[in-house]
Amino acid sequence: MKKLLLLLAFIALLLVPTTGLANESSQTSNQLEQSLNDFAKNDKEADFDSATVKGKTITLKVAADYIEAPVKNGGRRSFLHHLYKQVQKIQKKNNTKYSIVIKDDWTGKFAKMDYKGKGWYTLYSHTSDHKTEKCNFATLEDGDM
């Protein structure tokens with residue numbers, strides 16, 4: 001009986017810190033999401049409409065006119081570079097290092113990058129063929145990174 005009680009006590013001690021970390025992580029994600037949405041709503045320079053944070057991924061919703069015609073691939077890269085810089089400032093203030101996914105209503109998910117800016121984006125096209133190109137959005141270098 002003593003062994004069973006000791007085992008249960010040991011398991012309880014292991015679970016308590018894990019629960020605390022999960023709550024802290026959830027609170028950090030909620031704060032980051034709130035900061036991003038406040039920026040999107042209140043800053044006229046914001047390039048995204050809204051943000052959600054799930055796990056360690058930020059999903060940004062942008063207006064389709066930022067990436068649709070007449071915007072070509074160079075414009076997309078420049079837009080994504082500027083968007084990356086905006087999110088990086090907010091992440092630094094919140095002490096987070098989350099990856100970023102960018103979506104719009106027309107294309108769906110059209111870009112993804114890690115915290116350091118390395119990722120991909122879909123190339124402009126009138127077809128349903130969504131070719132992608134790699135890019136470091138922090139430096140605007142392309143190709144294999």
# chains A, B, ... in the order shown; residues from 1 in each chain; ligands from 1
>>> residues_around(residues="A:Ala111", least_positions_apart="4", cutoff="6 Å", atoms="only C-alpha atoms", output="list in words")
Val101, Ile102, Trp120 and Tyr121 of chain A
>>> write_last_selection(atoms="all heavy atoms", output="short mmCIF file (atom, residue, chain, number, x, y, z; two decimals), in the first residue's frame")
data_model
loop_
_atom_site.label_atom_id
_atom_site.label_comp_id
_atom_site.auth_asym_id
_atom_site.auth_seq_id
_atom_site.Cartn_x
_atom_site.Cartn_y
_atom_site.Cartn_z
N VAL A 101 2.56 31.28 -41.18
CA VAL A 101 1.83 30.83 -42.37
C VAL A 101 0.99 32.02 -42.83
O VAL A 101 0.36 32.68 -42.02
CB VAL A 101 0.92 29.63 -42.05
CG1 VAL A 101 0.02 29.30 -43.23
CG2 VAL A 101 1.75 28.42 -41.64
N ILE A 102 0.98 32.29 -44.14
CA ILE A 102 0.20 33.40 -44.68
C ILE A 102 -0.87 32.84 -45.61
O ILE A 102 -0.57 32.03 -46.50
CB ILE A 102 1.08 34.42 -45.42
CG1 ILE A 102 2.10 35.03 -44.45
CG2 ILE A 102 0.25 35.55 -45.97
CD1 ILE A 102 3.43 34.44 -44.51
N TRP A 120 8.94 29.43 -48.17
CA TRP A 120 8.53 29.35 -49.57
C TRP A 120 7.29 30.21 -49.77
O TRP A 120 6.61 30.59 -48.84
CB TRP A 120 8.24 27.92 -49.98
CG TRP A 120 7.18 27.25 -49.13
CD1 TRP A 120 7.39 26.49 -48.03
CD2 TRP A 120 5.76 27.34 -49.31
NE1 TRP A 120 6.18 26.08 -47.52
CE2 TRP A 120 5.16 26.59 -48.28
CE3 TRP A 120 4.93 27.97 -50.23
CZ2 TRP A 120 3.79 26.44 -48.14
CZ3 TRP A 120 3.55 27.83 -50.09
CH2 TRP A 120 2.99 27.08 -49.06
N TYR A 121 7.01 30.49 -51.04
CA TYR A 121 5.77 31.18 -51.43
C TYR A 121 5.35 30.66 -52.79
O TYR A 121 6.16 30.15 -53.56
CB TYR A 121 5.94 32.70 -51.44
CG TYR A 121 6.85 33.23 -52.53
CD1 TYR A 121 6.32 33.80 -53.68
CD2 TYR A 121 8.23 33.15 -52.41
CE1 TYR A 121 7.14 34.29 -54.67
CE2 TYR A 121 9.06 33.63 -53.40
CZ TYR A 121 8.50 34.20 -54.53
OH TYR A 121 9.33 34.68 -55.52
#
>>> select_by_dssp(residues="stretch 25-97 of chain A", states="alpha helix (DSSP H)", output="MDAnalysis selection string")
chainID A and resid 25:42 73:94
>>> select_by_dssp(residues="stretch 25-98 of chain A", states="strand (DSSP E or B)", output="compact mmCIF listing (two decimals) with all heavy atoms, in the first residue's frame")
# COMPACT_ATOMS: atom_id res chain seq x y z
N SER A 50 -5.72 39.85 -39.83
CA SER A 50 -5.92 39.17 -38.55
C SER A 50 -4.88 38.07 -38.38
O SER A 50 -4.21 37.69 -39.34
CB SER A 50 -7.33 38.58 -38.46
OG SER A 50 -7.50 37.57 -39.44
N ALA A 51 -4.78 37.58 -37.15
CA ALA A 51 -3.81 36.53 -36.84
C ALA A 51 -4.42 35.54 -35.87
O ALA A 51 -5.23 35.91 -35.01
CB ALA A 51 -2.55 37.13 -36.25
N THR A 52 -4.03 34.28 -36.03
CA THR A 52 -4.35 33.25 -35.04
C THR A 52 -3.04 32.55 -34.69
O THR A 52 -2.14 32.45 -35.53
CB THR A 52 -5.37 32.22 -35.55
OG1 THR A 52 -4.87 31.63 -36.75
CG2 THR A 52 -6.72 32.86 -35.83
N VAL A 53 -2.96 32.09 -33.46
CA VAL A 53 -1.78 31.36 -33.01
C VAL A 53 -2.24 30.01 -32.48
O VAL A 53 -3.10 29.95 -31.60
CB VAL A 53 -1.02 32.13 -31.92
CG1 VAL A 53 0.19 31.33 -31.44
CG2 VAL A 53 -0.59 33.51 -32.42
N LYS A 54 -1.69 28.96 -33.05
CA LYS A 54 -2.01 27.61 -32.60
C LYS A 54 -0.70 26.85 -32.49
O LYS A 54 0.05 26.76 -33.46
CB LYS A 54 -2.95 26.92 -33.60
CG LYS A 54 -3.44 25.58 -33.12
CD LYS A 54 -4.49 25.02 -34.04
CE LYS A 54 -5.01 23.71 -33.48
NZ LYS A 54 -6.05 23.15 -34.34
N THR A 57 2.71 28.09 -34.23
CA THR A 57 2.52 28.59 -35.58
C THR A 57 1.57 29.79 -35.57
O THR A 57 0.48 29.72 -35.01
CB THR A 57 1.95 27.49 -36.50
OG1 THR A 57 2.83 26.38 -36.48
CG2 THR A 57 1.78 28.00 -37.92
N ILE A 58 2.00 30.85 -36.22
CA ILE A 58 1.17 32.04 -36.42
C ILE A 58 0.57 31.94 -37.81
O ILE A 58 1.30 31.72 -38.79
CB ILE A 58 2.01 33.32 -36.34
CG1 ILE A 58 2.68 33.45 -34.98
CG2 ILE A 58 1.17 34.55 -36.66
CD1 ILE A 58 3.78 34.51 -34.94
N THR A 59 -0.73 32.09 -37.92
CA THR A 59 -1.38 32.12 -39.23
C THR A 59 -1.93 33.51 -39.44
O THR A 59 -2.73 34.00 -38.65
CB THR A 59 -2.51 31.08 -39.32
OG1 THR A 59 -1.96 29.78 -39.07
CG2 THR A 59 -3.16 31.10 -40.70
N LEU A 60 -1.45 34.17 -40.50
CA LEU A 60 -1.88 35.52 -40.83
C LEU A 60 -2.85 35.49 -41.99
O LEU A 60 -2.62 34.78 -42.97
CB LEU A 60 -0.68 36.39 -41.20
CG LEU A 60 0.42 36.52 -40.17
CD1 LEU A 60 1.59 37.33 -40.74
CD2 LEU A 60 -0.10 37.17 -38.89
N LYS A 61 -3.89 36.26 -41.90
CA LYS A 61 -4.85 36.41 -42.98
C LYS A 61 -4.60 37.76 -43.63
O LYS A 61 -4.56 38.79 -42.94
CB LYS A 61 -6.27 36.34 -42.42
CG LYS A 61 -7.36 36.52 -43.42
CD LYS A 61 -7.88 35.18 -43.89
CE LYS A 61 -8.93 35.33 -44.93
NZ LYS A 61 -10.26 35.53 -44.50
>>> residues_around(residues="A:Thr139", least_positions_apart="5", cutoff="10 Å", atoms="only C-alpha atoms", output="MDAnalysis selection string")
chainID A and resid 81 116:118
>>> write_last_selection(atoms="N, CA, C and O atoms", output="CSV table (one decimal), in the first residue's frame")
chain,number,residue,atom,x,y,z
A,81,HIS,N,8.4,40.0,-47.3
A,81,HIS,CA,9.6,40.5,-46.5
A,81,HIS,C,9.1,41.5,-45.5
A,81,HIS,O,9.5,41.5,-44.3
A,116,LYS,N,13.3,32.3,-38.5
A,116,LYS,CA,14.4,33.0,-39.1
A,116,LYS,C,14.1,33.6,-40.5
A,116,LYS,O,15.0,34.2,-41.1
A,117,GLY,N,12.9,33.3,-41.0
A,117,GLY,CA,12.5,33.8,-42.3
A,117,GLY,C,12.7,32.9,-43.5
A,117,GLY,O,12.3,33.2,-44.6
A,118,LYS,N,13.2,31.7,-43.3
A,118,LYS,CA,13.4,30.7,-44.3
A,118,LYS,C,12.1,30.0,-44.7
A,118,LYS,O,11.4,29.6,-43.7
>>> closest_residue(among="A:Cys135, A:Ala40, A:Ala63, A:Leu140", to="A:Lys103", atoms="only C-alpha atoms")
A:Ala63
>>> atom_distance(atom1="atom CA of A:Ser99", atom2="atom CA of A:Met113")
5.8 Å
>>> residues_around(residues="A:Ser25", least_positions_apart="6", cutoff="10 Å", atoms="only C-alpha atoms", output="PyMOL selection string")
chain A and resi 19+31+55-56+96
>>> atom_distance(atom1="atom CA of A:Gln34", atom2="atom CA of A:Val62")
16.6 Å
>>> closest_residue(among="A:Lys109, A:Arg77, A:Lys3, A:Lys97", to="A:Glu133", atoms="only C-alpha atoms")
A:Arg77
>>> atom_distance(atom1="atom CA of A:Phe137", atom2="atom CA of A:Ser26")
27.2 Å
>>> residues_around(residues="A:Asp47", least_positions_apart="6", cutoff="12 Å", atoms="only C-alpha atoms", output="ChimeraX atom specification")
/A:36-37,39-41,60-67,76,78-87,102,104
>>> decode(residues="stretch 32-65 of chain A", atoms="N, CA and C atoms", output="mmCIF file, in the first residue's frame")
data_model
loop_
_atom_site.group_PDB
_atom_site.id
_atom_site.type_symbol
_atom_site.label_atom_id
_atom_site.label_comp_id
_atom_site.auth_asym_id
_atom_site.auth_seq_id
_atom_site.Cartn_x
_atom_site.Cartn_y
_atom_site.Cartn_z
ATOM 1 N N LEU A 32 0.558 36.731 -27.630
ATOM 2 C CA LEU A 32 1.092 36.987 -28.967
ATOM 3 C C LEU A 32 -0.038 37.234 -29.951
ATOM 4 N N GLU A 33 -1.061 36.393 -29.925
ATOM 5 C CA GLU A 33 -2.203 36.560 -30.822
ATOM 6 C C GLU A 33 -2.873 37.911 -30.596
ATOM 7 N N GLN A 34 -3.042 38.300 -29.342
ATOM 8 C CA GLN A 34 -3.661 39.590 -29.030
ATOM 9 C C GLN A 34 -2.801 40.743 -29.546
ATOM 10 N N SER A 35 -1.484 40.649 -29.356
ATOM 11 C CA SER A 35 -0.569 41.695 -29.841
ATOM 12 C C SER A 35 -0.624 41.823 -31.355
ATOM 13 N N LEU A 36 -0.641 40.691 -32.047
ATOM 14 C CA LEU A 36 -0.707 40.705 -33.510
ATOM 15 C C LEU A 36 -2.021 41.315 -33.993
ATOM 16 N N ASN A 37 -3.132 40.922 -33.393
ATOM 17 C CA ASN A 37 -4.430 41.448 -33.809
ATOM 18 C C ASN A 37 -4.596 42.920 -33.457
ATOM 19 N N ASP A 38 -4.029 43.352 -32.329
ATOM 20 C CA ASP A 38 -4.051 44.782 -31.995
ATOM 21 C C ASP A 38 -3.284 45.587 -33.037
ATOM 22 N N PHE A 39 -2.124 45.055 -33.452
ATOM 23 C CA PHE A 39 -1.328 45.714 -34.485
ATOM 24 C C PHE A 39 -2.107 45.786 -35.796
ATOM 25 N N ALA A 40 -2.705 44.668 -36.194
ATOM 26 C CA ALA A 40 -3.463 44.620 -37.455
ATOM 27 C C ALA A 40 -4.619 45.610 -37.436
ATOM 28 N N LYS A 41 -5.258 45.755 -36.298
ATOM 29 C CA LYS A 41 -6.433 46.621 -36.187
ATOM 30 C C LYS A 41 -6.069 48.098 -36.053
ATOM 31 N N ASN A 42 -4.987 48.392 -35.349
ATOM 32 C CA ASN A 42 -4.694 49.775 -34.971
ATOM 33 C C ASN A 42 -3.576 50.453 -35.745
ATOM 34 N N ASP A 43 -2.759 49.715 -36.458
ATOM 35 C CA ASP A 43 -1.635 50.320 -37.166
ATOM 36 C C ASP A 43 -1.944 50.377 -38.655
ATOM 37 N N LYS A 44 -1.955 51.574 -39.201
ATOM 38 C CA LYS A 44 -2.298 51.725 -40.620
ATOM 39 C C LYS A 44 -1.249 51.098 -41.544
ATOM 40 N N GLU A 45 -0.058 50.819 -41.026
ATOM 41 C CA GLU A 45 0.995 50.179 -41.816
ATOM 42 C C GLU A 45 0.888 48.655 -41.819
ATOM 43 N N ALA A 46 -0.021 48.101 -41.038
ATOM 44 C CA ALA A 46 -0.151 46.640 -40.939
ATOM 45 C C ALA A 46 -0.519 46.046 -42.297
ATOM 46 N N ASP A 47 0.177 44.972 -42.654
ATOM 47 C CA ASP A 47 -0.046 44.310 -43.941
ATOM 48 C C ASP A 47 -0.917 43.067 -43.825
ATOM 49 N N PHE A 48 -1.477 42.812 -42.651
ATOM 50 C CA PHE A 48 -2.354 41.664 -42.484
ATOM 51 C C PHE A 48 -3.614 42.098 -41.754
ATOM 52 N N ASP A 49 -4.686 41.333 -41.970
ATOM 53 C CA ASP A 49 -5.987 41.679 -41.400
ATOM 54 C C ASP A 49 -6.219 41.068 -40.027
ATOM 55 N N SER A 50 -5.721 39.849 -39.825
ATOM 56 C CA SER A 50 -5.924 39.171 -38.546
ATOM 57 C C SER A 50 -4.883 38.074 -38.384
ATOM 58 N N ALA A 51 -4.778 37.577 -37.149
ATOM 59 C CA ALA A 51 -3.812 36.529 -36.844
ATOM 60 C C ALA A 51 -4.422 35.537 -35.866
ATOM 61 N N THR A 52 -4.028 34.277 -36.030
ATOM 62 C CA THR A 52 -4.346 33.253 -35.036
ATOM 63 C C THR A 52 -3.044 32.548 -34.688
ATOM 64 N N VAL A 53 -2.958 32.087 -33.459
ATOM 65 C CA VAL A 53 -1.780 31.359 -33.009
ATOM 66 C C VAL A 53 -2.243 30.014 -32.476
ATOM 67 N N LYS A 54 -1.690 28.961 -33.052
ATOM 68 C CA LYS A 54 -2.010 27.608 -32.605
ATOM 69 C C LYS A 54 -0.698 26.847 -32.488
ATOM 70 N N GLY A 55 -0.447 26.330 -31.309
ATOM 71 C CA GLY A 55 0.839 25.686 -31.076
ATOM 72 C C GLY A 55 1.926 26.721 -31.206
ATOM 73 N N LYS A 56 2.897 26.451 -32.047
ATOM 74 C CA LYS A 56 3.984 27.404 -32.280
ATOM 75 C C LYS A 56 3.940 27.928 -33.711
ATOM 76 N N THR A 57 2.709 28.092 -34.226
ATOM 77 C CA THR A 57 2.517 28.594 -35.579
ATOM 78 C C THR A 57 1.566 29.786 -35.574
ATOM 79 N N ILE A 58 1.996 30.853 -36.218
ATOM 80 C CA ILE A 58 1.168 32.038 -36.418
ATOM 81 C C ILE A 58 0.571 31.937 -37.811
ATOM 82 N N THR A 59 -0.734 32.086 -37.924
ATOM 83 C CA THR A 59 -1.379 32.116 -39.234
ATOM 84 C C THR A 59 -1.930 33.514 -39.442
ATOM 85 N N LEU A 60 -1.453 34.166 -40.501
ATOM 86 C CA LEU A 60 -1.879 35.524 -40.825
ATOM 87 C C LEU A 60 -2.849 35.489 -41.991
ATOM 88 N N LYS A 61 -3.885 36.257 -41.901
ATOM 89 C CA LYS A 61 -4.854 36.409 -42.985
ATOM 90 C C LYS A 61 -4.595 37.760 -43.626
ATOM 91 N N VAL A 62 -4.378 37.767 -44.931
ATOM 92 C CA VAL A 62 -4.128 39.006 -45.661
ATOM 93 C C VAL A 62 -5.212 39.217 -46.700
ATOM 94 N N ALA A 63 -5.387 40.455 -47.087
ATOM 95 C CA ALA A 63 -6.346 40.783 -48.138
ATOM 96 C C ALA A 63 -5.805 40.278 -49.470
ATOM 97 N N ALA A 64 -6.656 39.703 -50.288
ATOM 98 C CA ALA A 64 -6.234 39.122 -51.558
ATOM 99 C C ALA A 64 -5.612 40.162 -52.485
ATOM 100 N N ASP A 65 -6.005 41.429 -52.374
ATOM 101 C CA ASP A 65 -5.461 42.429 -53.287
ATOM 102 C C ASP A 65 -3.977 42.707 -53.055
#
